[in-house]
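Undergrad: Quick one: the structure is below, and I'll ask about it shortly.
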Amino acid sequence: MNEEQIAAAEAAIRYMKEHLEDDVTSERLAAIVGYSPFHFSRIFKQATGISPRHYLSALRMEAGKSALLRDPSLLMKILLSIGFRSPGSFHTRFKQNVGMSPRKFRAFAQPLSSYVRQYELQEPIAEKEKPGIPSPMQQIRCRIEAPPSFRGIVFVGFFPSPIPDQRPAAGTAMNRSRNCTFTDVPPGVYHALAAGIPWSLNPKDYFILNHALRGKYPHPIQVAENSSLQVTISLREPLAVDPPIVVNLPLLLFEKKERNKAK
């Protein structure tokens, strides 16, 4: 992509953020940035990985998360400000994308952020080898390359689309380690995405991830039952065209730890 095309995608995203309450269409965005609807949709998807409509939906969910953390008592005002007209549709979409209802999201924000911070001095996911059990045939080894100055928790997941707005097929979290191996990814085609969240005392910083480091494997990954793959993901500063990280990463970590304890 050239600089003009990237600038057009960025301008469209800025317009979406400023008009979440409006009925923003691809045709409207195309007219604003000076492209035909066909060429705009192609350029936008090339820049972001997803369609303008999908991106707008993610922005609305992200705005809803942020507003709920500020003042959940203003739910109706929140809905109107991000383009929803009924609590029911917002509740359904929020639970689908974030992983829990709006009420639970607000109630568990503080406990979940505290849960994540406890792993500042230890690895959050400690995979234990069981003696006498042969190694699984599937081995997807993942290496994370992070800036030397980064101090925080890294989440890695295999998602069905290029945006983390639903639960991944498989995922893990790391602190000091930069290598992990997956043996439980169901067969399919996935996008390997990663986020690096710096340690923080502010609970909001673990849920509104505008400043988190971002990374993705450049190509979709085909996983089979006997796959043996090596994936390297480099974390970088977020770009203006990066889609929001909508899914609740602290919740995913908590749920995985609970499943591991139950085994």
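The way I read the labels, and the way they are meant: chains A, B, ... in the order of the structure tokens, residue 1 as the first residue of every chain, and ligand 1 as the first ligand shown, with later ones counted on from there.
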Taking a cut-off of 7 Å and counting only C-alpha atoms, can you build a table that, for each residue of stretch 64-177 of chain A near stretch 223-232 of chain A, reports the nearest atom pair and how far apart they are in Å (one decimal), sorted by chain then residue number, as a tab-separated table?
TA:
residue	atom	partner	partner_atom	distance
A:Met137	CA	A:Asn226	CA	5.2
A:Gln138	CA	A:Asn226	CA	4.7
A:Gln139	CA	A:Ser228	CA	4.8
A:Ile140	CA	A:Leu229	CA	4.7
A:Arg141	CA	A:Gln230	CA	4.9
A:Cys142	CA	A:Val231	CA	4.7
A:Arg143	CA	A:Thr232	CA	4.7
A:Ile144	CA	A:Thr232	CA	5.9
Undergrad: Take the selection from the previous step and output its residues with C-alpha atoms, as a PDB file, in the first residue's frame.
TA:
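This is the output file out05.pdb:
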ATOM      1  CA  MET A 137       1.650 -35.168  17.156  1.00  0.00           C
ATOM      2  CA  GLN A 138       0.598 -31.537  16.807  1.00  0.00           C
ATOM      3  CA  GLN A 139       3.315 -29.024  17.640  1.00  0.00           C
ATOM      4  CA  ILE A 140       2.868 -25.324  16.882  1.00  0.00           C
ATOM      5  CA  ARG A 141       5.840 -23.511  18.339  1.00  0.00           C
ATOM      6  CA  CYS A 142       5.462 -19.766  18.768  1.00  0.00           C
ATOM      7  CA  ARG A 143       8.241 -17.273  19.442  1.00  0.00           C
ATOM      8  CA  ILE A 144       7.533 -13.697  20.490  1.00  0.00           C
TER       9      ILE A 144
END
Undergrad: Please provide as a ChimeraX atom specification all residues within 10 Å of A:Ile43, with the sequence filter that same-chain residues fewer than 3 positions apart are discarded (counting only C-alpha atoms).
TA: /A:1,5-6,8-9,35,37-40,46-49,51
Undergrad: List the neighbours of A:Asn202 out to 10 Å using only C-alpha atoms; skip same-chain residues closer than 6 positions along the sequence, and give me the result as a list in words.
TA: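 Near A:Asn202, the qualifying residues are Gln110, Ser113 and Ser114 of chain A.
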Undergrad: Among stretch 32-221 of chain A, which ones does DSSP place in alpha helix (DSSP H), written as a PyMOL selection string?
TA: chain A and resi 32-33+37-48+52-70+75-81+87-98+102-117
Undergrad: Measuring atom to atom with only C-alpha atoms, identify which of A:Leu75, A:Leu193, A:Met16, A:Leu239 is nearest to A:Pro218.
TA: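 Counting only C-alpha atoms, the residue closest to A:Pro218 is A:Leu193.
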Undergrad: Using only C-alpha atoms, what does the table of stretch 46-93 of chain A residues within 10 Å of stretch 19-29 of chain A look like, with each row giving the shortest atom pair and its distance in Å to one decimal, sorted by chain and ascending number, as JSON lines?
TA:
{"residue": "A:Ser51", "atom": "CA", "partner": "A:Ser26", "partner_atom": "CA", "distance": 8.9}
{"residue": "A:Pro52", "atom": "CA", "partner": "A:Ser26", "partner_atom": "CA", "distance": 6.4}
{"residue": "A:Arg53", "atom": "CA", "partner": "A:Ser26", "partner_atom": "CA", "distance": 7.3}
{"residue": "A:Leu56", "atom": "CA", "partner": "A:Leu20", "partner_atom": "CA", "distance": 7.6}
{"residue": "A:Ser57", "atom": "CA", "partner": "A:Leu20", "partner_atom": "CA", "distance": 9.1}
{"residue": "A:Leu59", "atom": "CA", "partner": "A:Leu20", "partner_atom": "CA", "distance": 7.8}
{"residue": "A:Arg60", "atom": "CA", "partner": "A:Leu20", "partner_atom": "CA", "distance": 6.5}
{"residue": "A:Ala63", "atom": "CA", "partner": "A:Leu20", "partner_atom": "CA", "distance": 8.7}
{"residue": "A:Ile78", "atom": "CA", "partner": "A:Glu21", "partner_atom": "CA", "distance": 9.7}
{"residue": "A:Leu79", "atom": "CA", "partner": "A:Glu21", "partner_atom": "CA", "distance": 8.5}
{"residue": "A:Leu80", "atom": "CA", "partner": "A:Glu21", "partner_atom": "CA", "distance": 6.3}
{"residue": "A:Ser81", "atom": "CA", "partner": "A:Glu21", "partner_atom": "CA", "distance": 5.0}
{"residue": "A:Ile82", "atom": "CA", "partner": "A:Glu21", "partner_atom": "CA", "distance": 4.6}
{"residue": "A:Gly83", "atom": "CA", "partner": "A:Glu21", "partner_atom": "CA", "distance": 3.8}
{"residue": "A:Phe84", "atom": "CA", "partner": "A:Glu21", "partner_atom": "CA", "distance": 7.4}
{"residue": "A:Arg85", "atom": "CA", "partner": "A:Glu21", "partner_atom": "CA", "distance": 9.5}
Undergrad: Identify which of the residues A:Asp165, A:Glu4, A:Asp71, A:Glu10 lies closest to A:Pro244, counting only C-alpha atoms when measuring atom-to-atom distances.
TA: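 Closest to A:Pro244 of all the choices is A:Asp165.
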Undergrad: Take atom CA of A:Glu237 and atom CA of A:Ile50 and report the distance between them in Å, one decimal.
TA: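 For atom CA of A:Glu237 relative to atom CA of A:Ile50, the distance reads 19.7 Å.
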Undergrad: My list of candidates is A:His54, A:His219, A:Arg167, A:His191. Which is closest to A:Leu251 when distances are computed with only C-alpha atoms?
TA: A:Arg167
Undergrad: Would you mind listing what lies within 10 Å of A:Pro203 as a list in words, with only C-alpha atoms counted and same-chain residues fewer than 3 positions away left out?
TA: Leu69, Ala109, Gln110, Pro111, Leu112, Ser113, Ser114, Val116, Arg117, Ser200, Tyr206, Phe207 and Ile208 of chain A
